[in-house]
$ cat protein03.csv   # CSV, C-alpha atoms
chain,number,residue,atom,x,y,z
A,1,MET,CA,-22.2,-48.2,-94.0
A,2,ASP,CA,-19.1,-47.4,-95.9
A,3,PRO,CA,-15.7,-48.1,-94.3
A,4,LEU,CA,-14.3,-44.6,-94.7
A,5,SER,CA,-17.2,-42.8,-92.9
A,6,GLU,CA,-17.0,-45.4,-90.2
A,7,TYR,CA,-13.3,-44.6,-89.8
A,8,ILE,CA,-13.9,-40.8,-89.7
A,9,ARG,CA,-16.8,-41.3,-87.2
A,10,GLY,CA,-14.2,-42.5,-84.6
A,11,ILE,CA,-12.3,-39.2,-85.0
A,12,THR,CA,-15.2,-36.8,-85.0
A,13,ARG,CA,-18.6,-37.8,-83.6
A,14,ASP,CA,-17.5,-40.8,-81.5
A,15,ASN,CA,-14.2,-39.3,-80.5
A,16,PRO,CA,-13.3,-41.2,-77.3
A,17,ILE,CA,-12.4,-38.2,-75.2
A,18,PHE,CA,-14.7,-35.4,-76.4
A,19,GLY,CA,-17.6,-37.4,-77.8
A,20,LEU,CA,-17.9,-40.5,-75.6
A,21,VAL,CA,-15.9,-39.0,-72.6
A,22,LEU,CA,-14.3,-42.4,-71.9
A,23,GLY,CA,-10.8,-43.3,-70.9
A,24,LEU,CA,-10.0,-40.0,-69.1
A,25,CYS,CA,-7.4,-41.5,-66.7
A,26,PRO,CA,-4.6,-42.2,-69.2
A,27,THR,CA,-5.5,-39.1,-71.2
A,28,LEU,CA,-4.6,-36.8,-68.3
A,29,ALA,CA,-1.9,-38.8,-66.6
A,30,VAL,CA,0.5,-39.6,-69.5
A,31,THR,CA,0.2,-36.4,-71.5
A,32,THR,CA,3.2,-34.6,-70.0
A,33,SER,CA,4.9,-34.7,-73.4
A,34,VAL,CA,4.0,-35.6,-77.0
A,35,GLU,CA,6.4,-38.6,-76.9
A,36,ASN,CA,4.5,-40.2,-74.0
A,37,ALA,CA,1.2,-39.5,-75.7
A,38,ILE,CA,2.3,-41.3,-78.8
A,39,GLY,CA,3.6,-44.3,-76.8
A,40,MET,CA,0.4,-44.6,-74.8
A,41,SER,CA,-1.8,-44.3,-77.9
A,42,ALA,CA,0.2,-46.9,-79.7
A,43,GLY,CA,-0.3,-49.4,-76.8
A,44,THR,CA,-4.0,-48.6,-76.5
A,45,ALA,CA,-4.5,-48.8,-80.3
A,46,PHE,CA,-3.0,-52.3,-80.5
A,47,VAL,CA,-5.2,-53.5,-77.6
A,48,LEU,CA,-8.3,-51.9,-79.0
A,49,VAL,CA,-8.0,-53.2,-82.5
A,50,CYS,CA,-7.0,-56.7,-81.4
A,51,SER,CA,-9.8,-56.9,-78.8
A,52,ASN,CA,-12.4,-55.5,-81.2
A,53,VAL,CA,-11.4,-58.1,-83.9
A,54,PHE,CA,-11.3,-61.0,-81.4
A,55,VAL,CA,-14.6,-60.1,-79.7
A,56,SER,CA,-16.3,-59.6,-83.0
A,57,ALA,CA,-15.0,-63.0,-84.3
A,58,LEU,CA,-16.3,-64.8,-81.2
A,59,ARG,CA,-19.5,-62.8,-80.8
A,60,LYS,CA,-21.7,-65.8,-81.7
A,61,GLN,CA,-19.9,-68.1,-79.3
A,62,ILE,CA,-19.9,-65.8,-76.3
A,63,PRO,CA,-22.9,-66.4,-74.1
A,64,SER,CA,-24.4,-63.0,-73.3
A,65,ALA,CA,-24.7,-63.6,-69.5
A,66,VAL,CA,-21.0,-63.9,-69.0
A,67,ARG,CA,-19.8,-61.6,-71.8
A,68,LEU,CA,-18.2,-59.0,-69.6
A,69,PRO,CA,-15.8,-61.3,-67.8
A,70,ILE,CA,-14.9,-62.8,-71.1
A,71,PHE,CA,-14.2,-59.4,-72.7
A,72,ILE,CA,-12.0,-58.5,-69.7
A,73,ILE,CA,-10.0,-61.7,-70.0
A,74,ILE,CA,-9.5,-61.1,-73.8
A,75,ILE,CA,-8.4,-57.5,-73.1
A,76,ALA,CA,-6.1,-58.5,-70.3
A,77,THR,CA,-4.3,-61.0,-72.5
A,78,PHE,CA,-3.5,-58.3,-75.1
A,79,VAL,CA,-2.5,-55.8,-72.5
A,80,SER,CA,-0.1,-58.4,-71.0
A,81,ILE,CA,1.4,-58.7,-74.5
A,82,VAL,CA,1.9,-54.9,-74.9
A,83,LYS,CA,3.3,-54.7,-71.4
A,84,MET,CA,5.9,-57.4,-72.0
A,85,VAL,CA,6.9,-56.1,-75.5
A,86,MET,CA,7.3,-52.6,-74.2
A,87,GLN,CA,9.3,-53.7,-71.2
A,88,ALA,CA,11.6,-55.7,-73.4
A,89,TYR,CA,12.2,-53.3,-76.3
A,90,PHE,CA,11.3,-49.8,-75.1
A,91,PRO,CA,12.4,-49.7,-71.4
A,92,PRO,CA,12.6,-45.8,-71.2
A,93,MET,CA,9.1,-45.5,-72.5
A,94,TYR,CA,7.9,-48.2,-70.2
A,95,ALA,CA,9.4,-46.4,-67.2
A,96,ALA,CA,7.8,-43.1,-68.2
A,97,LEU,CA,4.3,-44.6,-68.6
A,98,GLY,CA,4.7,-46.7,-65.5
A,99,VAL,CA,1.5,-48.2,-64.1
A,100,PHE,CA,-0.6,-46.9,-66.9
A,101,ILE,CA,0.4,-49.6,-69.4
A,102,PRO,CA,-1.1,-52.4,-67.3
A,103,LEU,CA,-4.0,-50.1,-66.5
A,104,ILE,CA,-5.1,-50.1,-70.2
A,105,VAL,CA,-7.0,-53.2,-69.1
A,106,VAL,CA,-9.6,-51.1,-67.2
A,107,ASN,CA,-9.7,-48.3,-69.9
A,108,CYS,CA,-13.4,-47.8,-70.4
A,109,VAL,CA,-12.9,-47.0,-74.1
A,110,ILE,CA,-11.8,-50.6,-74.9
A,111,ILE,CA,-14.5,-52.5,-73.0
A,112,GLY,CA,-17.0,-49.8,-74.1
A,113,ARG,CA,-16.3,-50.5,-77.8
A,114,ALA,CA,-16.3,-54.3,-77.3
A,115,GLU,CA,-19.8,-54.0,-75.7
A,116,ALA,CA,-21.3,-51.3,-77.9
A,117,TYR,CA,-19.8,-52.1,-81.3
A,118,ALA,CA,-17.7,-55.3,-81.7
A,119,ASN,CA,-20.4,-57.4,-80.1
A,120,LYS,CA,-22.9,-56.4,-82.8
A,121,ASN,CA,-20.9,-55.9,-86.0
A,122,ASN,CA,-18.8,-58.1,-88.2
A,123,VAL,CA,-15.0,-58.5,-88.0
A,124,PHE,CA,-14.2,-56.0,-90.8
A,125,TYR,CA,-16.2,-53.1,-89.5
A,126,SER,CA,-15.0,-53.8,-85.9
A,127,PHE,CA,-11.4,-53.5,-87.2
A,128,ILE,CA,-12.3,-50.2,-88.9
A,129,ASP,CA,-14.0,-49.0,-85.8
A,130,GLY,CA,-11.0,-49.9,-83.7
A,131,LEU,CA,-8.7,-48.0,-86.0
A,132,GLY,CA,-10.9,-44.9,-86.1
A,133,ILE,CA,-11.3,-44.7,-82.3
A,134,SER,CA,-7.6,-45.2,-81.9
A,135,THR,CA,-6.8,-42.4,-84.3
A,136,GLY,CA,-9.2,-40.1,-82.5
A,137,PHE,CA,-7.5,-41.1,-79.2
A,138,LEU,CA,-4.0,-40.5,-80.6
A,139,LEU,CA,-4.9,-37.0,-82.0
A,140,VAL,CA,-6.5,-35.8,-78.7
A,141,LEU,CA,-3.6,-37.2,-76.7
A,142,MET,CA,-1.0,-35.5,-79.0
A,143,LEU,CA,-2.9,-32.2,-78.8
A,144,ILE,CA,-3.1,-32.2,-75.0
A,145,GLY,CA,0.5,-33.4,-74.8
A,146,GLY,CA,1.7,-30.7,-77.2
A,147,ILE,CA,-0.1,-27.9,-75.4
A,148,ARG,CA,1.3,-29.0,-72.0
A,149,GLU,CA,4.8,-29.6,-73.3
A,150,ILE,CA,5.2,-26.4,-75.2
A,151,LEU,CA,3.8,-24.3,-72.3
A,152,GLY,CA,5.7,-26.2,-69.7
A,153,THR,CA,9.1,-26.5,-71.3
A,154,GLY,CA,9.1,-24.1,-74.3
A,155,GLN,CA,9.8,-26.8,-76.9
A,156,ILE,CA,8.5,-30.1,-78.2
A,157,VAL,CA,11.1,-32.8,-78.3
A,158,THR,CA,9.9,-36.1,-79.8
A,159,PHE,CA,12.3,-39.1,-80.0
A,160,ASP,CA,15.4,-36.9,-79.8
A,161,TYR,CA,14.2,-34.5,-82.6
A,162,THR,CA,13.4,-31.0,-81.5
A,163,LEU,CA,10.3,-30.1,-83.5
A,164,ILE,CA,9.3,-26.7,-82.3
A,165,THR,CA,11.2,-24.3,-80.0
A,166,LEU,CA,9.6,-21.1,-78.8
A,167,PRO,CA,11.7,-17.9,-79.0
A,168,VAL,CA,10.8,-17.1,-75.4
A,169,ASN,CA,10.5,-19.9,-72.9
A,170,PRO,CA,7.3,-19.5,-71.0
A,171,SER,CA,8.1,-22.4,-68.7
A,172,VAL,CA,4.8,-22.5,-66.8
A,173,THR,CA,5.8,-25.6,-64.8
A,174,THR,CA,2.3,-26.0,-63.6
A,175,MET,CA,1.4,-27.2,-67.0
A,176,ILE,CA,3.5,-30.4,-66.7
A,177,LEU,CA,2.3,-30.9,-63.2
A,178,PRO,CA,-1.1,-32.5,-62.6
A,179,PRO,CA,-3.2,-29.2,-62.5
A,180,GLY,CA,-2.1,-28.4,-66.1
A,181,ALA,CA,-3.8,-31.6,-67.3
A,182,PHE,CA,-7.1,-30.6,-65.7
A,183,LEU,CA,-6.8,-27.1,-67.0
A,184,THR,CA,-6.0,-28.1,-70.6
A,185,ILE,CA,-8.8,-30.7,-70.9
A,186,GLY,CA,-11.3,-28.3,-69.3
A,187,GLY,CA,-10.4,-25.6,-71.8
A,188,LEU,CA,-10.5,-27.9,-74.8
A,189,MET,CA,-13.9,-29.3,-73.7
A,190,ALA,CA,-15.3,-25.8,-73.4
A,191,ILE,CA,-14.1,-25.0,-76.9
A,192,VAL,CA,-15.6,-28.2,-78.3
A,193,ASN,CA,-18.9,-27.5,-76.6
A,194,TYR,CA,-18.9,-23.9,-77.9
A,195,GLN,CA,-18.3,-25.1,-81.5
A,196,ARG,CA,-21.0,-27.8,-81.2
A,197,ALA,CA,-23.5,-25.2,-79.9
A,198,LYS,CA,-22.7,-22.9,-82.7
A,199,LYS,CA,-23.1,-25.7,-85.3
A,200,ARG,CA,-26.4,-26.7,-83.8
A,201,ALA,CA,-27.7,-23.1,-83.8
A,202,LYS,CA,-26.7,-22.7,-87.5
A,203,GLY,CA,-28.3,-26.0,-88.5
A,204,GLY,CA,-31.5,-25.1,-86.7
B,1,MET,CA,14.9,-51.3,-50.8
B,2,VAL,CA,14.7,-49.2,-47.7
B,3,GLU,CA,11.8,-50.0,-45.3
B,4,LYS,CA,9.3,-47.2,-45.5
B,5,ALA,CA,7.6,-46.1,-42.2
B,6,LEU,CA,3.9,-46.8,-42.1
B,7,PHE,CA,3.1,-43.2,-41.4
B,8,ALA,CA,5.0,-42.2,-44.5
B,9,ILE,CA,3.0,-44.6,-46.5
B,10,LEU,CA,-0.2,-43.3,-45.0
B,11,MET,CA,0.6,-39.7,-45.9
B,12,ASP,CA,1.8,-40.8,-49.3
B,13,GLY,CA,-1.5,-42.5,-50.1
B,14,ILE,CA,-3.7,-39.8,-48.7
B,15,PHE,CA,-2.0,-36.6,-49.9
B,16,ILE,CA,1.3,-36.8,-51.8
B,17,LYS,CA,0.2,-39.5,-54.2
B,18,ASN,CA,-3.5,-38.7,-54.0
B,19,PHE,CA,-5.1,-41.1,-56.4
B,20,LEU,CA,-7.6,-38.7,-58.0
B,21,LEU,CA,-5.8,-35.4,-58.2
B,22,ILE,CA,-2.1,-36.4,-58.6
B,23,GLN,CA,-2.1,-39.8,-60.2
B,24,PHE,CA,-5.3,-39.5,-62.2
B,25,LEU,CA,-6.7,-42.9,-61.2
B,26,GLY,CA,-10.4,-43.4,-61.0
B,27,LEU,CA,-11.4,-40.2,-62.9
B,28,CYS,CA,-14.5,-41.8,-64.4
B,29,SER,CA,-16.2,-41.9,-61.0
B,30,PHE,CA,-14.6,-38.5,-60.1
B,31,VAL,CA,-16.5,-36.7,-62.9
B,32,GLY,CA,-19.5,-39.1,-63.0
B,33,VAL,CA,-20.6,-39.6,-59.4
B,34,THR,CA,-19.7,-36.2,-57.8
B,35,LYS,CA,-22.9,-34.4,-58.8
B,36,ASP,CA,-24.3,-34.7,-55.2
B,37,VAL,CA,-22.7,-35.3,-51.9
B,38,LYS,CA,-24.8,-38.4,-51.0
B,39,SER,CA,-23.8,-40.6,-53.9
B,40,ALA,CA,-20.2,-39.4,-53.7
B,41,ALA,CA,-20.1,-40.5,-50.0
B,42,GLY,CA,-21.6,-43.9,-50.9
B,43,MET,CA,-19.2,-44.5,-53.7
B,44,SER,CA,-16.2,-43.5,-51.5
B,45,GLY,CA,-17.3,-45.9,-48.8
B,46,ALA,CA,-17.5,-48.8,-51.3
B,47,VAL,CA,-14.1,-47.9,-52.8
B,48,ILE,CA,-12.4,-47.8,-49.4
B,49,PHE,CA,-13.7,-51.2,-48.5
B,50,VAL,CA,-12.9,-52.8,-51.9
B,51,MET,CA,-9.4,-51.2,-52.0
B,52,THR,CA,-8.5,-52.6,-48.5
B,53,MET,CA,-9.9,-56.1,-49.3
B,54,ALA,CA,-8.2,-56.1,-52.8
B,55,SER,CA,-4.8,-55.2,-51.2
B,56,ILE,CA,-5.1,-58.1,-48.7
B,57,VAL,CA,-6.3,-60.7,-51.2
B,58,SER,CA,-4.0,-59.8,-54.1
B,59,TYR,CA,-1.0,-59.7,-51.8
B,60,ILE,CA,-1.8,-63.3,-50.7
B,61,VAL,CA,-2.3,-64.3,-54.3
B,62,TYR,CA,0.9,-62.7,-55.6
B,63,THR,CA,3.2,-63.9,-52.8
B,64,TYR,CA,1.9,-67.4,-52.1
B,65,ILE,CA,0.6,-68.5,-55.5
B,66,LEU,CA,2.2,-66.5,-58.3
B,67,LYS,CA,5.7,-66.1,-56.9
B,68,PRO,CA,6.4,-69.8,-55.9
B,69,THR,CA,5.2,-71.0,-59.3
B,70,ASN,CA,7.2,-68.3,-61.2
B,71,MET,CA,4.1,-67.0,-62.9
B,72,GLU,CA,4.5,-63.3,-62.2
B,73,PHE,CA,3.6,-62.5,-65.8
B,74,LEU,CA,0.0,-63.6,-65.0
B,75,ASP,CA,-0.3,-60.8,-62.3
B,76,LEU,CA,-2.6,-58.6,-64.4
B,77,ILE,CA,-5.1,-61.3,-65.3
B,78,SER,CA,-5.2,-62.7,-61.8
B,79,PHE,CA,-5.6,-59.3,-60.1
B,80,ILE,CA,-8.5,-58.3,-62.3
B,81,VAL,CA,-10.2,-61.7,-61.6
B,82,VAL,CA,-9.6,-61.2,-57.9
B,83,ILE,CA,-11.1,-57.7,-57.9
B,84,ALA,CA,-14.1,-58.8,-60.0
B,85,ALA,CA,-14.8,-61.7,-57.6
B,86,LEU,CA,-14.3,-59.5,-54.6
B,87,VAL,CA,-16.8,-57.0,-55.8
B,88,GLN,CA,-19.3,-59.8,-56.4
B,89,LEU,CA,-18.7,-61.1,-52.9
B,90,VAL,CA,-19.1,-57.7,-51.3
B,91,GLU,CA,-22.3,-57.3,-53.2
B,92,PHE,CA,-23.7,-60.6,-52.0
B,93,ILE,CA,-22.7,-60.0,-48.3
B,94,VAL,CA,-24.0,-56.4,-48.2
B,95,ARG,CA,-27.3,-57.4,-49.9
B,96,LYS,CA,-27.9,-60.2,-47.4
B,97,ASN,CA,-26.9,-58.6,-44.2
B,98,ILE,CA,-27.2,-54.8,-44.5
B,99,PRO,CA,-30.1,-54.2,-47.0
B,100,SER,CA,-30.3,-50.5,-46.2
B,101,LEU,CA,-26.6,-50.0,-47.1
B,102,TYR,CA,-27.1,-52.1,-50.3
B,103,ARG,CA,-30.0,-49.8,-51.4
B,104,SER,CA,-27.8,-46.7,-51.1
B,105,LEU,CA,-24.7,-48.3,-52.7
B,106,GLY,CA,-26.5,-50.6,-55.1
B,107,ILE,CA,-25.6,-49.2,-58.5
B,108,TYR,CA,-22.0,-48.1,-57.5
B,109,LEU,CA,-20.8,-51.5,-56.4
B,110,PRO,CA,-20.6,-53.1,-59.9
B,111,LEU,CA,-18.9,-50.0,-61.2
B,112,ILE,CA,-15.9,-50.5,-59.0
B,113,THR,CA,-14.7,-53.5,-61.0
B,114,THR,CA,-13.7,-51.2,-63.8
B,115,ASN,CA,-12.5,-48.4,-61.5
B,116,CYS,CA,-8.8,-48.0,-62.3
B,117,ALA,CA,-8.1,-46.8,-58.8
B,118,VAL,CA,-8.6,-50.3,-57.3
B,119,LEU,CA,-6.4,-52.0,-59.9
B,120,GLY,CA,-4.0,-49.1,-59.6
B,121,VAL,CA,-3.5,-49.5,-55.8
B,122,VAL,CA,-2.8,-53.2,-56.2
B,123,LEU,CA,-0.3,-52.7,-59.0
B,124,LEU,CA,1.4,-49.9,-57.2
B,125,SER,CA,2.0,-51.9,-54.0
B,126,VAL,CA,3.3,-54.8,-56.1
B,127,ASN,CA,5.7,-52.4,-57.9
B,128,SER,CA,7.0,-50.9,-54.7
B,129,THR,CA,7.5,-54.3,-53.2
B,130,TYR,CA,5.6,-53.5,-50.0
B,131,ASN,CA,5.2,-56.2,-47.4
B,132,PHE,CA,1.8,-57.3,-46.1
B,133,VAL,CA,1.2,-54.6,-43.5
B,134,GLN,CA,2.5,-51.9,-45.8
B,135,SER,CA,0.2,-52.9,-48.7
B,136,VAL,CA,-2.8,-52.9,-46.4
B,137,VAL,CA,-1.9,-49.5,-45.0
B,138,PHE,CA,-1.4,-48.2,-48.6
B,139,GLY,CA,-4.8,-49.6,-49.6
B,140,ILE,CA,-6.6,-47.9,-46.7
B,141,ALA,CA,-4.7,-44.6,-47.3
B,142,ALA,CA,-5.5,-44.5,-51.0
B,143,GLY,CA,-9.1,-45.1,-50.1
B,144,ILE,CA,-9.2,-42.3,-47.6
B,145,GLY,CA,-7.5,-39.9,-50.1
B,146,PHE,CA,-10.1,-40.9,-52.7
B,147,ALA,CA,-12.9,-40.3,-50.2
B,148,ILE,CA,-11.6,-36.8,-49.1
B,149,VAL,CA,-11.3,-35.6,-52.7
B,150,MET,CA,-14.7,-37.0,-53.7
B,151,LEU,CA,-16.5,-35.3,-50.8
B,152,MET,CA,-14.7,-31.9,-51.5
B,153,MET,CA,-15.5,-32.1,-55.2
B,154,SER,CA,-19.1,-33.1,-54.8
B,155,ALA,CA,-19.7,-30.3,-52.2
B,156,ILE,CA,-18.2,-27.7,-54.5
B,157,ARG,CA,-20.1,-28.9,-57.5
B,158,GLU,CA,-23.4,-28.9,-55.6
B,159,ARG,CA,-22.8,-25.2,-54.7
B,160,SER,CA,-21.5,-24.3,-58.2
B,161,THR,CA,-24.8,-25.1,-59.8
B,162,PHE,CA,-26.0,-21.8,-58.5
B,163,VAL,CA,-23.2,-19.9,-60.2
B,164,SER,CA,-24.1,-18.5,-63.6
B,165,VAL,CA,-21.5,-19.5,-66.3
B,166,PRO,CA,-21.5,-19.5,-70.1
B,167,SER,CA,-23.5,-22.5,-71.3
B,168,SER,CA,-20.5,-24.1,-73.1
B,169,ILE,CA,-18.6,-24.2,-69.8
B,170,ARG,CA,-21.4,-25.6,-67.7
B,171,GLY,CA,-21.1,-29.3,-66.8
B,172,LEU,CA,-17.8,-31.2,-67.5
B,173,PRO,CA,-15.5,-28.2,-68.3
B,174,GLN,CA,-16.6,-26.5,-65.1
B,175,ALA,CA,-15.9,-29.7,-63.2
B,176,PHE,CA,-12.4,-29.8,-64.7
B,177,PHE,CA,-11.7,-26.2,-63.8
B,178,ILE,CA,-12.7,-26.9,-60.2
B,179,ALA,CA,-10.4,-30.0,-60.3
B,180,THR,CA,-7.6,-27.7,-61.5
B,181,MET,CA,-7.9,-25.6,-58.4
B,182,LEU,CA,-8.1,-28.6,-56.0
B,183,SER,CA,-5.1,-30.2,-57.8
B,184,MET,CA,-3.0,-27.1,-57.4
B,185,ALA,CA,-3.6,-27.3,-53.7
B,186,PHE,CA,-2.6,-30.9,-53.5
B,187,VAL,CA,0.5,-30.5,-55.6
B,188,ASN,CA,1.9,-28.3,-52.8
B,189,TYR,CA,1.9,-31.2,-50.4
B,190,PHE,CA,5.1,-32.3,-52.2
B,191,TRP,CA,6.8,-29.5,-50.3
B,192,VAL,CA,4.6,-29.2,-47.2
B,193,ILE,CA,5.2,-32.8,-46.0
B,194,PRO,CA,8.9,-33.6,-46.2
B,195,ILE,CA,9.3,-37.4,-46.3
$ encode --input "protein03.csv" --output "structure tokens"
Amino acid sequence: MDPLSEYIRGITRDNPIFGLVLGLCPTLAVTTSVENAIGMSAGTAFVLVCSNVFVSALRKQIPSAVRLPIFIIIIATFVSIVKMVMQAYFPPMYAALGVFIPLIVVNCVIIGRAEAYANKNNVFYSFIDGLGISTGFLLVLMLIGGIREILGTGQIVTFDYTLITLPVNPSVTTMILPPGAFLTIGGLMAIVNYQRAKKRAKGG
Amino acid sequence: MVEKALFAILMDGIFIKNFLLIQFLGLCSFVGVTKDVKSAAGMSGAVIFVMTMASIVSYIVYTYILKPTNMEFLDLISFIVVIAALVQLVEFIVRKNIPSLYRSLGIYLPLITTNCAVLGVVLLSVNSTYNFVQSVVFGIAAGIGFAIVMLMMSAIRERSTFVSVPSSIRGLPQAFFIATMLSMAFVNYFWVIPI
């Protein structure tokens, strides 16, 4: 195993949304804009990397019969840290993400990686795995957020900088409302499935 | 904060803030367990029960243990422990007293611990400073809303297996497209029910 390919694996094959299909709730709920997507991914990334490192460092001490409650307590501790830091230093972001910051604790991606990867691998590789999965999560969230924001409002505004403005404003408000989230992820998943089927057919 | 009428909270939980289609809580079970009506119904029953119990117990824990000792910052950790313990307890009771129900619910019960809808209902009622009766009503309402959508979705998906669609859309993407339609209907409750 070399670290770089382990990192890339988190973005491509083990991508949390399209590969593992875990952690759908925050993916759909907070992606009304690119800015929210970045904030959510940052919080999740911190918790994922820290819990991966912690679980992996303690993997020989944790008795396997009670490992899941212990994982949940470790994750809940880091989520509380993220929640308090965000509440103190980024109040607008905290207000926008609302109940989904504390809900990182039940995000299946984090407990899934603790169980499937960090519990079996050493600290360094668990760290790399956490980074890779977080990057994959960030890219997908930004993609979904970008599609929804640009179709819904006609522009992408991130941290007070206007990145892209469409010449005509489509303003399909449905895209920022809940149905837009289901539509976007359904479409993206269909594209991913199509590409995979094509690749498989080519490779034989 | 203005006292909210119980009926308003009930409608809020079932339709306006529907957990699956509007708030996106509990989507893992939404796409995972809606392949046939029977398991969707079993899952919904278990969720309604755990949500109601979790609202009751976590309200007591928050108001009578965490608040007097100024330890509100421990809310997240204590709620998740409460929910995990509750799910265990429900599993024991159901297995002992109603074995037939246990056999049909069996595998879904442990899944509820990591269902974000249950933790979500508890956190939302703490955030909106509901009193005891209000949080219990909100818990029941959220459970009913969850059940309605689960049953609709599973019935539609059971039928949609007979429809011929391109192979890349079959499965998850198709489920999400169905959810888009359902969600569009539910979004309109914002205007239909003026509260």
$ interface_residues --input "protein03.csv" --of "chain B" --to "chain A" --cutoff "8 Å" --atoms "only C-alpha atoms" --output "PyMOL selection string"
chain B and resi 21-28+73-74+76-77+114-116+119-120+123-124+168-169+172-177+179-181+183-184+187
$ residues_around --input "protein03.csv" --residues "range 158-167 of chain A" --least-positions-apart "5" --cutoff "9 Å" --atoms "all atoms listed in the file" --output "NGL selection string"
:A and (33-36 or 150)
$ residues_around --input "protein03.csv" --residues "Ala54 in chain B" --least-positions-apart "4" --cutoff "9 Å" --atoms "all atoms listed in the file" --output "list of chain:residue names"
B:Phe49, B:Val50, B:Ser58, B:Tyr59, B:Phe79, B:Val82, B:Ile83, B:Leu86, B:Val118, B:Leu119, B:Val121, B:Val122, B:Val136, B:Gly139
$ atom_distance --input "protein03.csv" --atom1 "CA of Gly136 in chain A" --atom2 "CA of Ala118 in chain A"
17.4 Å
$ residues_around --input "protein03.csv" --residues "Ile56 in chain B" --least-positions-apart "5" --cutoff "9 Å" --atoms "all atoms listed in the file" --output "list of chain:residue names"
B:Met51, B:Val61, B:Phe132, B:Val133, B:Ser135, B:Val136, B:Gly139
$ closest_residue --input "protein03.csv" --among "B:Ile140, B:Val31, B:Ile98, B:Val37" --to "Gly13 in chain B" --atoms "all atoms listed in the file"
B:Ile140
$ closest_residue --input "protein03.csv" --among "A:Ile11, A:Thr32, A:Pro63, A:Gly43" --to "Leu151 in chain A" --atoms "all atoms listed in the file"
A:Thr32
$ residues_around --input "protein03.csv" --residues "Glu6 in chain A" --least-positions-apart "5" --cutoff "9 Å" --atoms "all atoms listed in the file" --output "ChimeraX atom specification"
/A:1,125,128-129,132
$ closest_residue --input "protein03.csv" --among "B:Ser128, B:Ser44, B:Thr161, B:Thr63" --to "Lys4 in chain B" --atoms "only C-alpha atoms"
B:Ser128
$ atom_distance --input "protein03.csv" --atom1 "CA of Ile9 in chain B" --atom2 "CA of Val149 in chain B"
18.0 Å
$ atom_distance --input "protein03.csv" --atom1 "CA of Ile147 in chain A" --atom2 "CA of Pro16 in chain A"
18.8 Å
$ residues_around --input "protein03.csv" --residues "Leu151 in chain B" --least-positions-apart "2" --cutoff "9 Å" --atoms "only C-alpha atoms" --output "ChimeraX atom specification"
/B:34,36-38,40-41,44,146-149,153-156
$ write_last_selection --input "protein03.csv" --atoms "C-alpha atoms" --output "PDB file, in the frame of the given file"
ATOM      1  CA  THR B  34     -19.700 -36.200 -57.800  1.00  0.00           C
ATOM      2  CA  ASP B  36     -24.300 -34.700 -55.200  1.00  0.00           C
ATOM      3  CA  VAL B  37     -22.700 -35.300 -51.900  1.00  0.00           C
ATOM      4  CA  LYS B  38     -24.800 -38.400 -51.000  1.00  0.00           C
ATOM      5  CA  ALA B  40     -20.200 -39.400 -53.700  1.00  0.00           C
ATOM      6  CA  ALA B  41     -20.100 -40.500 -50.000  1.00  0.00           C
ATOM      7  CA  SER B  44     -16.200 -43.500 -51.500  1.00  0.00           C
ATOM      8  CA  PHE B 146     -10.100 -40.900 -52.700  1.00  0.00           C
ATOM      9  CA  ALA B 147     -12.900 -40.300 -50.200  1.00  0.00           C
ATOM     10  CA  ILE B 148     -11.600 -36.800 -49.100  1.00  0.00           C
ATOM     11  CA  VAL B 149     -11.300 -35.600 -52.700  1.00  0.00           C
ATOM     12  CA  MET B 153     -15.500 -32.100 -55.200  1.00  0.00           C
ATOM     13  CA  SER B 154     -19.100 -33.100 -54.800  1.00  0.00           C
ATOM     14  CA  ALA B 155     -19.700 -30.300 -52.200  1.00  0.00           C
ATOM     15  CA  ILE B 156     -18.200 -27.700 -54.500  1.00  0.00           C
TER      16      ILE B 156
END
$ closest_residue --input "protein03.csv" --among "B:Ile65, B:Met71, B:Ile144, B:Leu111" --to "Leu10 in chain B" --atoms "only C-alpha atoms"
B:Ile144
$ closest_residue --input "protein03.csv" --among "B:Ser29, B:Pro99, B:Leu20, B:Asn127" --to "Asp75 in chain B" --atoms "all atoms listed in the file"
B:Asn127
$ closest_residue --input "protein03.csv" --among "A:Phe78, A:Phe54, A:Phe127, A:Phe137" --to "Ala37 in chain A" --atoms "only C-alpha atoms"
A:Phe137
